[in-house]
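Asker: To be precise about what I am sending: the file is called run-v8.cif and holds mmCIF, C-alpha atoms.
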data_input
#
loop_
_atom_site.label_atom_id
_atom_site.label_comp_id
_atom_site.auth_asym_id
_atom_site.auth_seq_id
_atom_site.Cartn_x
_atom_site.Cartn_y
_atom_site.Cartn_z
CA MET H 1 -32.09 -8.05 27.47
CA ILE H 2 -29.30 -8.40 24.92
CA GLY H 3 -25.84 -9.02 26.33
CA ARG H 4 -22.89 -6.74 25.87
CA SER H 5 -20.85 -9.23 23.83
CA LEU H 6 -23.74 -10.05 21.48
CA GLY H 7 -24.53 -6.36 21.02
CA THR H 8 -20.90 -5.59 20.24
CA TYR H 9 -20.72 -8.51 17.82
CA LEU H 10 -23.85 -7.40 15.95
CA SER H 11 -22.70 -3.76 15.90
CA MET H 12 -19.29 -4.61 14.50
CA HIS H 13 -20.80 -6.99 11.95
CA PHE H 14 -23.12 -4.22 10.75
CA PHE H 15 -20.34 -1.61 10.81
CA ARG H 16 -17.97 -3.76 8.70
CA HIS H 17 -20.60 -4.44 6.05
CA THR H 18 -21.76 -0.83 5.95
CA ILE H 19 -18.23 0.51 5.53
CA PHE H 20 -17.48 -2.08 2.85
CA ILE H 21 -20.58 -1.13 0.86
CA TYR H 22 -19.89 2.59 1.41
CA LEU H 23 -16.38 2.20 0.00
CA LEU H 24 -17.73 0.11 -2.87
CA PHE H 25 -20.26 2.82 -3.75
CA PHE H 26 -17.58 5.45 -3.30
CA ALA H 27 -15.18 3.70 -5.70
CA LEU H 28 -17.91 3.12 -8.26
CA ILE H 29 -19.04 6.75 -8.19
CA LEU H 30 -15.45 8.01 -8.35
CA THR H 31 -14.73 5.79 -11.35
CA VAL H 32 -17.87 6.86 -13.21
CA ASP H 33 -17.18 10.53 -12.41
CA VAL H 34 -13.59 10.34 -13.68
CA ILE H 35 -14.77 8.60 -16.87
CA GLU H 36 -17.41 11.27 -17.43
CA LEU H 37 -14.88 14.04 -16.79
CA SER H 38 -12.38 12.46 -19.18
CA ARG H 39 -15.06 12.22 -21.85
CA SER H 40 -15.91 15.90 -21.51
CA ALA H 41 -12.26 16.93 -21.14
CA SER H 42 -11.18 15.10 -24.30
CA LYS H 43 -12.15 18.19 -26.28
CA ARG H 44 -9.50 20.25 -24.50
CA GLU H 45 -5.76 19.77 -24.60
CA GLY H 46 -3.36 19.77 -21.68
CA ILE H 47 -5.59 18.15 -19.06
CA THR H 48 -3.91 15.29 -17.23
CA ALA H 49 -5.42 12.32 -15.43
CA LEU H 50 -4.18 13.73 -12.13
CA GLN H 51 -6.17 16.89 -12.72
CA LEU H 52 -9.27 14.82 -13.51
CA PHE H 53 -8.88 12.91 -10.25
CA ALA H 54 -8.42 16.21 -8.39
CA ILE H 55 -11.60 17.65 -9.88
CA SER H 56 -13.49 14.47 -9.09
CA GLY H 57 -12.03 14.51 -5.57
CA MET H 58 -13.53 17.94 -4.99
CA ARG H 59 -16.97 16.54 -5.70
CA ILE H 60 -16.55 13.65 -3.26
CA PRO H 61 -17.82 15.32 -0.03
CA GLU H 62 -21.17 16.16 -1.59
CA VAL H 63 -21.52 12.71 -3.10
CA ALA H 64 -20.48 11.04 0.16
CA LEU H 65 -23.36 12.65 2.03
CA ARG H 66 -25.85 11.41 -0.54
CA VAL H 67 -24.50 7.84 -0.56
CA LEU H 68 -24.34 7.26 3.21
CA PRO H 69 -28.06 6.48 3.78
CA PHE H 70 -28.02 3.92 0.97
CA ALA H 71 -24.83 2.36 2.31
CA VAL H 72 -26.43 2.02 5.76
CA LEU H 73 -29.55 0.48 4.23
CA PHE H 74 -27.67 -2.03 2.09
CA GLY H 75 -25.12 -2.69 4.86
CA ALA H 76 -27.87 -3.60 7.31
CA ALA H 77 -29.62 -5.81 4.77
CA THR H 78 -26.38 -7.56 3.85
CA SER H 79 -25.43 -8.06 7.47
CA LEU H 80 -28.82 -9.51 8.40
CA VAL H 81 -28.85 -11.83 5.38
CA ILE H 82 -25.40 -13.17 6.25
CA LEU H 83 -26.35 -13.65 9.91
CA ASN H 84 -29.53 -15.43 8.84
CA ARG H 85 -27.68 -17.76 6.46
CA ARG H 86 -25.31 -18.75 9.26
CA LEU H 87 -28.35 -19.32 11.50
CA GLU H 88 -27.09 -16.82 14.08
CA LEU H 89 -30.37 -14.91 14.05
CA VAL H 90 -32.28 -18.16 14.51
CA VAL H 91 -30.19 -18.95 17.58
CA ALA H 92 -30.73 -15.44 18.94
CA ARG H 93 -34.49 -15.77 18.50
CA ALA H 94 -34.48 -19.26 20.03
CA SER H 95 -32.65 -17.94 23.09
CA GLY H 96 -35.55 -15.61 23.77
CA LEU H 97 -34.41 -12.33 22.22
CA SER H 98 -37.04 -10.32 20.45
CA VAL H 99 -36.43 -8.72 17.07
CA TRP H 100 -36.34 -5.30 18.73
CA GLN H 101 -33.59 -6.40 21.10
CA PHE H 102 -31.17 -7.60 18.44
CA MET H 103 -32.04 -4.66 16.17
CA LEU H 104 -31.01 -2.18 18.88
CA PRO H 105 -27.25 -2.43 18.04
CA TYR H 106 -28.08 -1.77 14.38
CA VAL H 107 -30.09 1.33 15.22
CA ALA H 108 -27.43 2.60 17.64
CA MET H 109 -24.64 2.09 15.08
CA ALA H 110 -26.70 3.77 12.34
CA ILE H 111 -27.22 6.78 14.60
CA LEU H 112 -23.50 6.94 15.37
CA LEU H 113 -22.63 6.72 11.67
CA GLY H 114 -25.12 9.48 10.93
CA LEU H 115 -23.67 11.72 13.64
CA PHE H 116 -20.14 11.09 12.43
#
How would this structure read if it were set down as structure tokens?

Answerer:
Amino acid sequence: MIGRSLGTYLSMHFFRHTIFIYLLFFALILTVDVIELSRSASKREGITALQLFAISGMRIPEVALRVLPFAVLFGAATSLVILNRRLELVVARASGLSVWQFMLPYVAMAILLGLF
């Protein structure tokens, strides 16, 4: 069975990478949305950049729900690649842990992120 400290370490590693990728996607989508709004708003006078950011900010909750599954997918992949490059997954497998045991913190954290 996986220990509490290793489970916490893997969960936090996955959480950090998922949040980083989520914020990266979020910033990219916000930037593209503001650019698209400014392109379409250039035909009208009197629209400020603050108003464009406000309009784009109103679209954010809907976009955030669509981006979360992809952020979890890419966050898990990034986290596992980094752990594999540092040979931490090799050590976990050599100590007798099965793949299902060290994937349990990832699944639990993904469920918690989905519920949140």

Asker: If you measure from atom CA of Glu36 of chain H to atom CA of Phe74 of chain H, what distance in Å do you get, rounded to one decimal?

Answerer: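 Those two atoms sit 25.8 Å apart.
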
Asker: What is the atom CA of Val67 of chain H-atom CA of Gly114 of chain H distance in Å, reported with one decimal?

Answerer: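 These atoms are spaced 11.6 Å apart.
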
Asker: Just need the box for segment 76-93 of chain H, edges along x, y and z, holding every atom the file lists for it with 5 Å tacked onto each side, so centre and edge lengths in Å to one decimal, as lines of an AutoDock Vina configuration file.

Answerer:
center_x = -29.9
center_y = -11.5
center_z = 11.4
size_x = 19.2
size_y = 25.7
size_z = 25.1

Asker: Counting only C-alpha atoms, which residues sit no farther than 10 Å from the position (-29.1, -6.0, 25.5) in the file's frame? I'd like them as a PyMOL selection string.

Answerer: chain H and resi 1-8+97+100-105

Asker: Convert the output of the PyMOL selection byres ((chain H and resi 54-60) around 12) on the shown file into explicit residues, formatted as an MDAnalysis selection string.

Answerer: chainID H and resid 23 25:38 41 47:53 61:68

Asker: Of the candidates H:Glu88, H:Ala108, H:Thr78, H:Ser42, which one gets nearest to Phe20 of chain H if we count all atoms listed in the file?

Answerer: H:Thr78

Asker: To one decimal place in Å, what is the distance between atom CA of Ala76 of chain H and atom CA of Gly96 of chain H?

Answerer: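 Taking atom CA of Ala76 of chain H as the start and atom CA of Gly96 of chain H as the end point, the length is 21.8 Å.
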
Asker: Under the rule that only C-alpha atoms are counted, which of H:Leu87, H:Leu24, H:Leu10, H:Ala110 is the nearest residue to Val72 of chain H?

Answerer: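 Comparing H:Leu87, H:Leu24, H:Leu10, H:Ala110 against Val72 of chain H, the winner is H:Ala110.
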
Asker: Select, from H:Arg85, H:Val91, H:Ser98, H:Gly75, the residue with the minimum atom-to-atom distance to Met12 of chain H, counting only C-alpha atoms.

Answerer: H:Gly75

Asker: Because some atoms of segment 68-79 of chain H are absent here, can you restore all heavy atoms and send them as a compact mmCIF listing (two decimals), in the coordinates of the input?

Answerer:
# COMPACT_ATOMS: atom_id res chain seq x y z
N LEU H 68 -24.34 7.87 1.88
CA LEU H 68 -24.34 7.26 3.21
C LEU H 68 -25.66 6.58 3.60
O LEU H 68 -25.63 5.45 4.09
CB LEU H 68 -23.92 8.27 4.27
CG LEU H 68 -23.78 7.72 5.69
CD1 LEU H 68 -22.71 6.65 5.74
CD2 LEU H 68 -23.49 8.83 6.66
N PRO H 69 -26.83 7.19 3.40
CA PRO H 69 -28.06 6.48 3.78
C PRO H 69 -28.26 5.17 3.02
O PRO H 69 -28.72 4.18 3.59
CB PRO H 69 -29.17 7.48 3.44
CG PRO H 69 -28.51 8.79 3.43
CD PRO H 69 -27.11 8.56 2.99
N PHE H 70 -27.89 5.15 1.75
CA PHE H 70 -28.02 3.92 0.97
C PHE H 70 -27.02 2.87 1.43
O PHE H 70 -27.33 1.68 1.45
CB PHE H 70 -27.86 4.22 -0.52
CG PHE H 70 -28.93 5.10 -1.07
CD1 PHE H 70 -28.68 6.42 -1.34
CD2 PHE H 70 -30.20 4.61 -1.28
CE1 PHE H 70 -29.66 7.24 -1.83
CE2 PHE H 70 -31.21 5.42 -1.77
CZ PHE H 70 -30.94 6.75 -2.05
N ALA H 71 -25.83 3.30 1.81
CA ALA H 71 -24.83 2.36 2.31
C ALA H 71 -25.29 1.75 3.63
O ALA H 71 -25.11 0.54 3.86
CB ALA H 71 -23.48 3.05 2.50
N VAL H 72 -25.92 2.55 4.50
CA VAL H 72 -26.43 2.02 5.76
C VAL H 72 -27.57 1.03 5.50
O VAL H 72 -27.63 -0.04 6.11
CB VAL H 72 -26.89 3.17 6.68
CG1 VAL H 72 -27.67 2.65 7.88
CG2 VAL H 72 -25.70 3.98 7.15
N LEU H 73 -28.44 1.36 4.57
CA LEU H 73 -29.55 0.48 4.23
C LEU H 73 -29.05 -0.85 3.68
O LEU H 73 -29.44 -1.93 4.16
CB LEU H 73 -30.47 1.16 3.20
CG LEU H 73 -31.61 0.31 2.65
CD1 LEU H 73 -32.65 0.07 3.73
CD2 LEU H 73 -32.21 0.98 1.44
N PHE H 74 -28.18 -0.80 2.69
CA PHE H 74 -27.67 -2.03 2.09
C PHE H 74 -26.72 -2.77 3.03
O PHE H 74 -26.64 -4.00 2.99
CB PHE H 74 -27.00 -1.75 0.76
CG PHE H 74 -27.97 -1.32 -0.32
CD1 PHE H 74 -27.76 -0.14 -1.01
CD2 PHE H 74 -29.08 -2.07 -0.60
CE1 PHE H 74 -28.64 0.27 -1.98
CE2 PHE H 74 -29.98 -1.67 -1.58
CZ PHE H 74 -29.76 -0.50 -2.27
N GLY H 75 -25.98 -2.05 3.88
CA GLY H 75 -25.12 -2.69 4.86
C GLY H 75 -25.91 -3.47 5.89
O GLY H 75 -25.55 -4.59 6.26
N ALA H 76 -27.02 -2.90 6.35
CA ALA H 76 -27.87 -3.60 7.31
C ALA H 76 -28.51 -4.82 6.68
O ALA H 76 -28.55 -5.90 7.28
CB ALA H 76 -28.95 -2.65 7.84
N ALA H 77 -29.00 -4.67 5.45
CA ALA H 77 -29.62 -5.81 4.77
C ALA H 77 -28.61 -6.92 4.53
O ALA H 77 -28.91 -8.10 4.77
CB ALA H 77 -30.24 -5.35 3.46
N THR H 78 -27.42 -6.56 4.09
CA THR H 78 -26.38 -7.56 3.85
C THR H 78 -25.98 -8.26 5.14
O THR H 78 -25.85 -9.49 5.18
CB THR H 78 -25.15 -6.90 3.22
OG1 THR H 78 -25.54 -6.23 2.03
CG2 THR H 78 -24.07 -7.91 2.91
N SER H 79 -25.81 -7.49 6.18
CA SER H 79 -25.43 -8.06 7.47
C SER H 79 -26.49 -9.03 7.99
O SER H 79 -26.18 -10.13 8.45
CB SER H 79 -25.19 -6.94 8.48
OG SER H 79 -24.90 -7.46 9.74
